[in-house]
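Chemist: What follows is final07.cif, made up of mmCIF, C-alpha atoms:
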```
data_final
loop_
_atom_site.label_atom_id
_atom_site.label_comp_id
_atom_site.auth_asym_id
_atom_site.auth_seq_id
_atom_site.Cartn_x
_atom_site.Cartn_y
_atom_site.Cartn_z
CA MET G 69 -8.43 16.55 -13.18
CA LEU G 70 -6.91 13.52 -11.49
CA VAL G 71 -7.79 9.92 -12.23
CA VAL G 72 -6.33 6.71 -10.85
CA ARG G 73 -6.16 4.07 -13.54
CA ALA G 74 -4.60 0.74 -14.46
CA ILE G 75 -1.03 1.19 -15.67
CA LYS G 76 -0.17 0.88 -19.37
CA SER G 77 3.02 -0.13 -21.16
CA SER G 78 3.37 3.45 -22.41
CA ASP G 79 3.68 4.70 -18.80
CA LEU G 80 7.17 3.22 -18.30
CA ASP G 81 9.21 6.41 -18.88
CA ALA G 82 6.98 8.48 -16.62
CA LEU G 83 7.04 5.74 -13.98
CA LEU G 84 10.83 5.68 -14.03
CA GLU G 85 10.88 9.42 -13.45
CA LEU G 86 8.43 9.05 -10.58
CA ALA G 87 10.48 6.23 -8.99
CA SER G 88 13.58 8.44 -9.06
CA GLN G 89 11.80 10.74 -6.61
CA ALA G 90 10.88 8.02 -4.11
CA GLY G 91 14.23 7.75 -2.28
CA THR G 92 15.61 4.80 -0.29
CA GLY G 93 13.51 2.32 1.66
CA MET G 94 10.95 1.53 -1.05
CA THR G 95 12.15 -1.85 -2.26
CA THR G 96 9.24 -2.26 -4.70
CA LEU G 97 9.76 1.06 -6.46
CA LYS G 98 13.40 1.42 -7.44
CA PRO G 99 14.46 3.65 -10.39
CA ASP G 100 15.75 0.63 -12.32
CA ARG G 101 14.42 0.61 -15.88
CA GLN G 102 14.69 -3.13 -16.44
CA MET G 103 13.03 -3.97 -13.13
CA LEU G 104 10.22 -1.48 -13.70
CA ALA G 105 9.72 -2.67 -17.28
CA GLU G 106 9.26 -6.22 -16.01
CA ARG G 107 6.79 -5.02 -13.36
CA VAL G 108 4.78 -3.04 -15.88
CA ALA G 109 4.63 -6.05 -18.21
CA ILE G 110 3.38 -8.23 -15.35
CA ALA G 111 0.85 -5.56 -14.35
CA VAL G 112 -0.54 -5.30 -17.88
CA ALA G 113 -0.83 -9.11 -18.01
CA SER G 114 -2.50 -9.04 -14.57
CA PHE G 115 -5.25 -6.67 -15.68
CA ALA G 116 -5.67 -8.73 -18.86
CA GLN G 117 -5.96 -11.90 -16.70
CA THR G 118 -3.39 -13.77 -18.77
CA ILE G 119 -1.39 -14.96 -15.74
CA ALA G 120 -2.44 -16.82 -12.58
CA PRO G 121 -4.05 -14.71 -9.80
CA ASP G 122 -1.28 -15.44 -7.28
CA GLU G 123 1.35 -14.20 -9.78
CA ARG G 124 -0.41 -10.92 -10.48
CA ASP G 125 0.89 -7.47 -9.60
CA TYR G 126 -1.77 -4.81 -10.18
CA MET G 127 -0.13 -1.39 -10.60
CA PHE G 128 -2.13 1.82 -10.67
CA VAL G 129 -1.02 5.33 -11.62
CA MET G 130 -2.55 8.67 -10.79
CA GLU G 131 -2.65 10.80 -13.93
CA ASP G 132 -3.11 14.55 -14.15
CA THR G 133 -5.28 14.57 -17.26
CA ARG G 134 -4.66 18.26 -17.95
CA SER G 135 -0.89 17.77 -18.35
CA GLY G 136 -0.65 14.02 -18.92
CA ARG G 137 1.82 13.87 -16.02
CA LEU G 138 1.94 10.93 -13.61
CA ALA G 139 1.38 12.23 -10.09
CA GLY G 140 1.61 8.96 -8.19
CA VAL G 141 1.68 5.18 -8.21
CA CYS G 142 0.46 2.32 -6.03
CA ALA G 143 0.06 -1.44 -6.39
CA ILE G 144 -1.46 -4.69 -5.10
CA LYS G 145 0.48 -7.95 -5.30
CA GLY G 146 -1.78 -10.99 -5.52
CA ALA G 147 0.36 -13.09 -3.17
CA VAL G 148 3.87 -12.74 -1.73
CA GLY G 149 6.51 -15.35 -1.01
CA LEU G 150 5.32 -18.08 -3.36
CA THR G 151 8.19 -17.79 -5.86
CA GLU G 152 10.81 -16.14 -3.64
CA PRO G 153 11.17 -16.06 0.16
CA PHE G 154 9.30 -13.35 2.04
CA TYR G 155 10.90 -12.52 5.39
CA ASN G 156 9.85 -10.43 8.37
CA TYR G 157 10.74 -10.24 12.02
CA ARG G 158 7.98 -11.33 14.36
CA ILE G 159 8.14 -9.62 17.73
CA GLY G 160 7.79 -12.29 20.40
CA THR G 161 8.28 -12.76 24.12
CA LEU G 162 10.51 -15.12 26.08
CA VAL G 163 9.98 -15.58 29.82
CA HIS G 164 12.80 -16.42 32.24
CA SER G 165 12.04 -17.27 35.85
CA SER G 166 13.67 -18.69 38.96
CA ARG G 167 11.70 -19.47 42.09
CA GLU G 168 14.92 -19.88 44.06
CA PHE G 169 16.00 -16.32 43.38
CA ASN G 170 12.46 -14.94 43.01
CA VAL G 171 13.18 -13.65 39.51
CA PHE G 172 10.63 -13.38 36.71
CA THR G 173 11.49 -11.52 33.51
CA ARG G 174 9.82 -11.04 30.14
CA MET G 175 12.10 -10.27 27.22
CA GLU G 176 11.05 -9.04 23.79
CA THR G 177 12.60 -10.99 20.94
CA LEU G 178 12.84 -10.83 17.17
CA TYR G 179 12.18 -14.06 15.23
CA LEU G 180 13.05 -14.39 11.55
CA SER G 181 9.71 -15.42 10.07
CA ASN G 182 7.95 -16.48 6.87
CA ASP G 183 4.52 -16.32 8.55
CA LEU G 184 3.05 -13.86 6.03
CA THR G 185 3.85 -15.96 2.97
CA GLY G 186 0.90 -16.12 0.56
CA SER G 187 -0.71 -12.87 1.72
CA THR G 188 -1.97 -10.21 -0.67
CA GLU G 189 0.20 -7.11 -0.34
CA LEU G 190 -0.48 -3.39 -0.74
CA CYS G 191 2.76 -1.81 -1.92
CA SER G 192 4.60 0.84 -3.96
CA LEU G 193 2.53 3.79 -2.75
CA PHE G 194 4.20 7.04 -3.77
CA LEU G 195 2.72 10.49 -4.46
CA HIS G 196 4.87 13.19 -6.04
CA ALA G 197 5.53 16.13 -3.72
CA ASP G 198 3.83 18.53 -6.14
CA TYR G 199 0.52 16.73 -5.61
CA ARG G 200 0.52 16.22 -1.84
CA THR G 201 -2.51 18.42 -1.27
CA GLY G 202 -6.21 18.03 -0.61
CA THR G 203 -7.63 14.55 -1.10
CA ASN G 204 -4.99 13.36 -3.59
CA GLY G 205 -3.23 11.01 -1.19
CA LYS G 206 -6.49 9.43 -0.11
CA LEU G 207 -7.62 8.98 -3.69
CA LEU G 208 -4.39 7.21 -4.62
CA SER G 209 -4.17 4.89 -1.64
CA LYS G 210 -7.86 4.06 -1.31
CA SER G 211 -8.19 3.17 -4.99
CA ARG G 212 -6.68 -0.20 -4.05
CA PHE G 213 -9.36 -0.92 -1.46
CA LEU G 214 -12.13 -0.13 -3.92
CA PHE G 215 -10.46 -2.39 -6.49
CA ILE G 216 -10.34 -5.22 -3.93
CA ALA G 217 -13.99 -4.60 -3.05
CA GLN G 218 -14.96 -4.90 -6.71
CA PHE G 219 -12.84 -8.01 -7.37
CA PRO G 220 -12.45 -9.78 -3.99
CA HIS G 221 -12.19 -13.20 -5.62
CA LEU G 222 -8.76 -12.26 -7.01
CA PHE G 223 -7.14 -11.91 -3.58
CA THR G 224 -6.31 -13.93 -0.49
CA GLU G 225 -8.14 -13.42 2.79
CA LYS G 226 -5.11 -11.84 4.49
CA LEU G 227 -3.97 -8.41 3.34
CA ILE G 228 -0.65 -6.87 4.41
CA ALA G 229 1.24 -3.62 3.87
CA GLU G 230 4.94 -3.15 4.67
CA MET G 231 5.48 0.42 5.80
CA ARG G 232 8.76 2.24 5.23
CA GLY G 233 10.72 2.26 8.49
CA TYR G 234 12.15 5.24 10.32
CA GLN G 235 15.24 6.90 8.86
CA ALA G 236 17.49 9.58 10.30
CA GLU G 237 17.87 12.94 8.56
CA ASP G 238 20.93 11.66 6.67
CA GLY G 239 18.90 8.73 5.25
CA SER G 240 20.46 6.07 7.47
CA SER G 241 18.41 3.46 9.32
CA PRO G 242 19.19 3.27 13.08
CA PHE G 243 17.85 -0.28 13.18
CA TYR G 244 19.94 -1.50 10.25
CA GLU G 245 23.10 0.23 11.45
CA ASN G 246 22.85 -1.52 14.83
CA LEU G 247 21.75 -4.97 13.66
CA GLY G 248 21.67 -5.74 9.94
CA ARG G 249 25.08 -4.24 9.20
CA HIS G 250 26.74 -6.77 11.53
CA PHE G 251 25.43 -9.65 9.43
CA PHE G 252 25.30 -8.24 5.89
CA LYS G 253 28.52 -6.18 5.91
CA MET G 254 27.10 -3.74 3.36
CA GLU G 255 25.41 -0.35 3.23
CA PHE G 256 21.67 -0.13 3.91
CA THR G 257 21.00 1.12 0.38
CA GLU G 258 22.89 -1.83 -1.12
CA ALA G 259 20.92 -4.41 0.89
CA ASP G 260 17.75 -2.54 0.02
CA ASP G 261 18.60 -2.62 -3.68
CA LEU G 262 19.34 -6.37 -3.62
CA THR G 263 15.94 -7.19 -2.14
CA SER G 264 14.20 -4.98 -4.71
CA LEU G 265 15.85 -7.04 -7.45
CA GLY G 266 14.57 -10.29 -5.94
CA LYS G 267 17.95 -11.38 -4.57
CA LYS G 268 16.64 -12.37 -1.16
CA SER G 269 18.38 -15.71 -0.64
CA PHE G 270 21.25 -13.92 1.09
CA ILE G 271 18.89 -13.01 3.92
CA ALA G 272 18.43 -16.65 4.91
CA GLU G 273 22.12 -17.36 4.34
CA LEU G 274 23.39 -14.54 6.55
CA MET G 275 20.75 -13.93 9.24
CA PRO G 276 20.74 -15.97 12.46
CA ARG G 277 17.80 -18.32 12.92
CA GLN G 278 17.80 -17.98 16.69
CA PRO G 279 15.58 -15.35 18.32
CA MET G 280 17.41 -12.11 19.09
CA TYR G 281 16.82 -10.21 22.32
CA VAL G 282 15.62 -6.66 21.67
CA ALA G 283 17.22 -5.49 24.93
CA TYR G 284 20.66 -6.28 23.51
CA LEU G 285 20.23 -3.62 20.83
CA PRO G 286 21.27 0.00 21.45
CA GLN G 287 18.41 2.21 22.57
CA THR G 288 18.44 4.10 19.25
CA ALA G 289 17.59 0.84 17.45
CA GLN G 290 15.00 -0.25 20.02
CA ASP G 291 13.18 3.07 19.75
CA VAL G 292 12.45 2.71 16.00
CA ILE G 293 11.08 -0.85 15.97
CA GLY G 294 7.60 -0.57 14.47
CA LYS G 295 8.08 3.14 13.76
CA VAL G 296 7.45 4.53 10.26
CA HIS G 297 9.39 7.02 8.17
CA LEU G 298 8.22 10.58 8.88
CA SER G 299 6.77 10.94 5.38
CA THR G 300 4.89 7.65 5.84
CA VAL G 301 2.95 8.68 8.96
CA PRO G 302 -0.13 9.91 6.99
CA ALA G 303 -0.14 6.70 4.91
CA ARG G 304 -0.16 4.56 8.05
CA ARG G 305 -3.05 6.50 9.57
CA LEU G 306 -5.00 6.14 6.34
CA LEU G 307 -4.52 2.37 6.19
CA GLU G 308 -5.51 2.00 9.82
CA ALA G 309 -8.69 3.98 9.18
CA GLU G 310 -9.54 1.47 6.45
CA GLY G 311 -9.29 -1.49 8.84
CA MET G 312 -5.59 -2.44 8.92
CA TYR G 313 -3.65 -2.89 12.15
CA PHE G 314 -0.19 -3.68 13.54
CA GLU G 315 0.18 -7.26 14.75
CA GLY G 316 3.86 -7.40 15.72
CA TYR G 317 5.61 -8.00 12.38
CA VAL G 318 8.36 -5.64 11.19
CA ASP G 319 10.72 -5.35 8.23
CA ILE G 320 14.08 -7.08 8.74
CA PHE G 321 16.13 -4.14 7.44
CA ASP G 322 14.56 -0.96 8.85
CA ALA G 323 12.02 -2.44 11.35
CA GLY G 324 9.12 -0.63 9.68
CA PRO G 325 5.74 -2.04 10.78
CA VAL G 326 3.80 -4.54 8.67
CA LEU G 327 0.09 -3.73 8.87
CA GLN G 328 -2.44 -6.46 8.15
CA ALA G 329 -6.17 -7.10 7.91
CA ARG G 330 -8.73 -9.64 6.85
CA VAL G 331 -10.09 -8.60 3.47
CA SER G 332 -13.63 -9.40 4.59
CA GLU G 333 -13.32 -6.83 7.40
CA LEU G 334 -12.12 -3.87 5.31
CA ARG G 335 -14.25 -0.72 5.28
CA ALA G 336 -14.42 -0.87 1.49
CA ILE G 337 -15.97 -4.33 1.62
CA ARG G 338 -18.45 -3.25 4.27
CA ASP G 339 -19.45 0.22 3.05
CA SER G 340 -18.97 0.31 -0.73
CA GLU G 341 -21.96 -0.15 -2.98
CA LEU G 342 -22.85 -0.37 -6.64
CA ALA G 343 -24.83 2.37 -8.36
CA VAL G 344 -26.11 2.95 -11.89
CA VAL G 345 -24.75 5.96 -13.76
CA VAL G 346 -27.17 8.63 -14.96
CA ASN G 347 -26.29 11.79 -16.85
CA ALA G 348 -25.91 15.04 -14.91
CA PRO G 349 -25.42 18.61 -16.16
CA ASP G 350 -21.82 19.82 -15.96
CA THR G 351 -23.05 22.80 -13.90
CA VAL G 352 -24.24 20.72 -10.93
CA GLU G 353 -21.01 20.93 -8.93
CA ALA G 354 -20.73 24.68 -9.36
CA ALA G 355 -24.15 25.12 -7.76
CA LEU G 356 -23.36 22.98 -4.71
CA PRO G 357 -22.22 24.60 -1.44
CA ASN G 358 -18.75 23.41 -0.44
CA ASP G 359 -20.05 21.45 2.53
CA ALA G 360 -23.22 20.13 0.92
CA VAL G 361 -21.86 16.80 -0.27
CA GLU G 362 -19.20 14.52 1.16
CA PRO G 363 -16.48 13.49 -1.33
CA LEU G 364 -17.22 10.12 -2.87
CA LEU G 365 -14.80 7.62 -4.38
CA VAL G 366 -16.21 6.33 -7.65
CA SER G 367 -14.73 3.56 -9.79
CA ASN G 368 -15.83 1.75 -12.89
CA THR G 369 -16.18 -2.04 -12.79
CA ASP G 370 -13.85 -2.84 -15.69
CA LEU G 371 -10.90 -4.99 -14.58
CA GLN G 372 -8.73 -4.33 -17.62
CA ASP G 373 -9.36 -0.57 -17.70
CA PHE G 374 -10.01 0.14 -14.02
CA ARG G 375 -10.43 3.85 -13.25
CA MET G 376 -11.34 5.83 -10.13
CA ILE G 377 -12.03 9.47 -9.27
CA VAL G 378 -13.26 11.59 -6.37
CA ALA G 379 -16.63 13.23 -7.04
CA LEU G 380 -18.91 15.55 -5.09
CA ARG G 381 -21.98 13.39 -5.61
CA LYS G 382 -24.60 11.46 -3.68
CA VAL G 383 -26.01 8.06 -4.50
CA ASP G 384 -29.78 8.52 -4.83
CA ASP G 385 -31.94 5.40 -4.87
CA GLY G 386 -29.16 3.33 -6.41
CA ARG G 387 -28.35 5.94 -9.05
CA LEU G 388 -25.37 8.27 -9.34
CA ALA G 389 -25.51 11.40 -11.50
CA LEU G 390 -22.14 12.00 -13.20
CA SER G 391 -21.12 14.86 -15.47
CA ALA G 392 -19.76 14.25 -18.95
CA GLU G 393 -16.24 14.91 -17.62
CA ASP G 394 -16.66 12.39 -14.80
CA ARG G 395 -17.96 9.78 -17.23
CA ARG G 396 -15.04 10.43 -19.57
CA LEU G 397 -12.52 9.99 -16.76
CA LEU G 398 -14.18 6.74 -15.69
CA ALA G 399 -14.63 5.51 -19.28
CA CYS G 400 -18.27 4.68 -18.59
CA GLU G 401 -21.68 5.66 -19.93
CA ALA G 402 -25.17 6.21 -18.53
CA GLY G 403 -26.78 2.92 -17.53
CA GLU G 404 -23.49 1.26 -16.57
CA PRO G 405 -22.59 0.27 -12.98
CA VAL G 406 -19.97 2.00 -10.84
CA ARG G 407 -18.75 1.20 -7.33
CA THR G 408 -18.86 3.97 -4.72
CA LEU G 409 -17.37 4.51 -1.27
CA PRO G 410 -17.38 7.62 0.96
CA LEU G 411 -13.87 9.07 0.87
CA ASN G 412 -13.77 9.38 4.65
CA PRO G 413 -14.91 6.75 7.16
CA ARG G 414 -18.19 7.52 8.89
CA LYS G 415 -17.70 8.76 12.41
CA ALA G 416 -18.95 6.35 15.02
CA SER G 417 -22.01 7.64 16.86
CA HIS G 418 -21.98 7.68 20.66
CA VAL G 419 -25.16 6.73 22.45
#
```
What does this structure look like when you write it as structure tokens?
Modeler:
Amino acid sequence: MLVVRAIKSSDLDALLELASQAGTGMTTLKPDRQMLAERVAIAVASFAQTIAPDERDYMFVMEDTRSGRLAGVCAIKGAVGLTEPFYNYRIGTLVHSSREFNVFTRMETLYLSNDLTGSTELCSLFLHADYRTGTNGKLLSKSRFLFIAQFPHLFTEKLIAEMRGYQAEDGSSPFYENLGRHFFKMEFTEADDLTSLGKKSFIAELMPRQPMYVAYLPQTAQDVIGKVHLSTVPARRLLEAEGMYFEGYVDIFDAGPVLQARVSELRAIRDSELAVVVNAPDTVEAALPNDAVEPLLVSNTDLQDFRMIVALRKVDDGRLALSAEDRRLLACEAGEPVRTLPLNPRKASHV
């Protein structure tokens, strides 16, 4: 059985092993023991509410309870850019015109920007290759939306998610090779590592403040602006289905898109609901036809020990029947509240 839960200090070794599988381009999940240990400590303090909300970094792990193995990780940062600079490129437009020569042109530009400072960020989503089946990816990613729906007061109104940018088969970034390398004079992986360690001041020191014309870049670099890594395509679609969208901000190194949304407009805020747990026989699921019940995301309402599963259940008159195993995974008992959300968005009806 799989459960998504709040990270614990004892998860550090397994998290380090998981991070070693993530590869380049994930600045918030590097296989650096000291960095990860600091993140885990902050995450534990975040769930315990012993640090300020804007300093919190809520990390969640997906655990295979049969083996005790960590299958995935994801996180929510309370606010970005308040203690260290948070940079993106904003795609803009400059217009040049001349009546005398009857010329009118629109040119796309890249502006170095701090516009997204203070936003809540979804980050560090990674699912081990062995578990990329069925609904596992949805369970891991959407756990964050259900957590936000349960505790909206802990987050800012604007939510963002930096997506890993496109990389060639050899792991290189066409965008970085044709732009960033000219200013940073280092390998993409080295620049990536420095930002993951919080050493971001060099960005402001080395990058030009003037807008850069996209048309001046080689076509290979232009083609990947706003394009995600091939393995990130499903994650982008999932976030967009939950209410996030691309608004013209990209990462300064690999030009991956930054998705954003208003928290109040997320599907989880709109469609999730509380239900009271009642006991159900463990044989209920075995008797259900495969297509009888839509998968349901179910979480407890405990901030410090947040847990979430996928269950084949229906909310009936404000009550949700859960088996003993489901209740064990959620660390809840009959009579306690849980928050529920259909795993998949409801299809819009056409009149």
Chemist: Residues of range 135-188 of chain G that approach range 195-219 of chain G to 10 Å or less, counting all atoms listed in the file: could you list each one with the shortest pair of atoms and its distance in Å to one decimal, rows by chain and increasing residue number, as CSV?
Modeler:
```
residue,atom,partner,partner_atom,distance
G:Leu138,CA,G:His196,CA,8.4
G:Ala139,CA,G:His196,CA,5.4
G:Gly140,CA,G:Leu195,CA,4.2
G:Val141,CA,G:Leu195,CA,6.6
G:Cys142,CA,G:Ser209,CA,6.9
G:Ala143,CA,G:Arg212,CA,7.2
G:Ile144,CA,G:Arg212,CA,7.0
```
Chemist: Using the chain letters and numbering of this document, enumerate as a PyMOL selection string the residues selected by the PyMOL selection byres ((chain G and resi 233) around 9).
Modeler: chain G and resi 93+230-232+234-235+241+243+292-298+300+318-319+321-325
Chemist: Please produce a file of those selected residues containing C-alpha atoms, as a CSV table (one decimal), in the coordinates of the input.
Modeler:
```csv
chain,number,residue,atom,x,y,z
G,93,GLY,CA,13.5,2.3,1.7
G,230,GLU,CA,4.9,-3.2,4.7
G,231,MET,CA,5.5,0.4,5.8
G,232,ARG,CA,8.8,2.2,5.2
G,234,TYR,CA,12.2,5.2,10.3
G,235,GLN,CA,15.2,6.9,8.9
G,241,SER,CA,18.4,3.5,9.3
G,243,PHE,CA,17.8,-0.3,13.2
G,292,VAL,CA,12.4,2.7,16.0
G,293,ILE,CA,11.1,-0.8,16.0
G,294,GLY,CA,7.6,-0.6,14.5
G,295,LYS,CA,8.1,3.1,13.8
G,296,VAL,CA,7.4,4.5,10.3
G,297,HIS,CA,9.4,7.0,8.2
G,298,LEU,CA,8.2,10.6,8.9
G,300,THR,CA,4.9,7.6,5.8
G,318,VAL,CA,8.4,-5.6,11.2
G,319,ASP,CA,10.7,-5.4,8.2
G,321,PHE,CA,16.1,-4.1,7.4
G,322,ASP,CA,14.6,-1.0,8.8
G,323,ALA,CA,12.0,-2.4,11.4
G,324,GLY,CA,9.1,-0.6,9.7
G,325,PRO,CA,5.7,-2.0,10.8
```
Chemist: Mind telling me what the PyMOL selection byres ((chain G and resi 367-384) around 6) catches here, as a PDB file with C-alpha atoms, in the coordinates of the input?
Modeler:
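The resulting file, result_26.pdb, is shown below:
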```pdb
ATOM      1  CA  VAL G  71      -7.790   9.920 -12.230  1.00  0.00           C
ATOM      2  CA  VAL G  72      -6.330   6.710 -10.850  1.00  0.00           C
ATOM      3  CA  ARG G  73      -6.160   4.070 -13.540  1.00  0.00           C
ATOM      4  CA  ALA G  74      -4.600   0.740 -14.460  1.00  0.00           C
ATOM      5  CA  PHE G 115      -5.250  -6.670 -15.680  1.00  0.00           C
ATOM      6  CA  ALA G 116      -5.670  -8.730 -18.860  1.00  0.00           C
ATOM      7  CA  VAL G 361     -21.860  16.800  -0.270  1.00  0.00           C
ATOM      8  CA  PRO G 363     -16.480  13.490  -1.330  1.00  0.00           C
ATOM      9  CA  LEU G 364     -17.220  10.120  -2.870  1.00  0.00           C
ATOM     10  CA  LEU G 365     -14.800   7.620  -4.380  1.00  0.00           C
ATOM     11  CA  VAL G 366     -16.210   6.330  -7.650  1.00  0.00           C
ATOM     12  CA  ASP G 385     -31.940   5.400  -4.870  1.00  0.00           C
ATOM     13  CA  GLY G 386     -29.160   3.330  -6.410  1.00  0.00           C
ATOM     14  CA  ARG G 387     -28.350   5.940  -9.050  1.00  0.00           C
ATOM     15  CA  LEU G 388     -25.370   8.270  -9.340  1.00  0.00           C
ATOM     16  CA  LEU G 398     -14.180   6.740 -15.690  1.00  0.00           C
ATOM     17  CA  VAL G 406     -19.970   2.000 -10.840  1.00  0.00           C
ATOM     18  CA  ARG G 407     -18.750   1.200  -7.330  1.00  0.00           C
TER      19      ARG G 407
END
```
Chemist: Taking (10.5, -10.0, 31.6) in the file's coordinates as the center, which residues reach within 10 Å of it, counting all atoms listed in the file, put as a VMD selection string?
Modeler: chain G and resid 161 to 165 171 to 176
Chemist: Distance CA of Ile159 in chain G-CA of Ala236 in chain G, one decimal place?
Modeler: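 Between these atoms lies a distance of 22.6 Å.
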Chemist: Name the closest residue to Pro276 in chain G among the candidates G:Ser240, G:Ser181, G:Ser88, G:Thr188; distances are taken between atoms, counting all atoms listed in the file.
Modeler: G:Ser181
Chemist: Suppose a student applies the PyMOL selection byres ((chain G and resi 155) around 9) to this structure; what residues should they get, written as number ranges by chain?
Modeler: G: 149, 153-154, 156-157, 180-185, 268, 271-272, 319-320
Chemist: Counting only C-alpha atoms, which residue out of G:Leu409, G:Leu262, G:Leu342, G:Leu397 sits closest to Met130 in chain G?
Modeler: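 Result for the nearest residue to Met130 in chain G: G:Leu397.
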Chemist: Give me the box for range 391-396 of chain G as JSON, namely the centre and edge lengths in Å to one decimal of a box along x, y and z that holds every listed atom plus 5 Å on each side.
Modeler:
```
{"center_x": -18.1, "center_y": 12.3, "center_z": -17.2, "size_x": 16.1, "size_y": 15.1, "size_z": 14.8}
```
Chemist: Taking all atoms listed in the file into account, which of G:Tyr179, G:Phe169, G:Tyr313, G:Phe251 comes nearest Glu333 in chain G?
Modeler: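 Distance minimum relative to Glu333 in chain G lands on G:Tyr313.
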Chemist: CA of Lys415 in chain G and CA of Met312 in chain G are how many Å apart?
Modeler: 16.9 Å
Chemist: Restricting the calculation to only C-alpha atoms, which member of G:Ala309, G:Ile228, G:Val282, G:Ala399 is positioned closest to Arg330 in chain G?
Modeler: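 The closest residue to Arg330 in chain G is G:Ile228.
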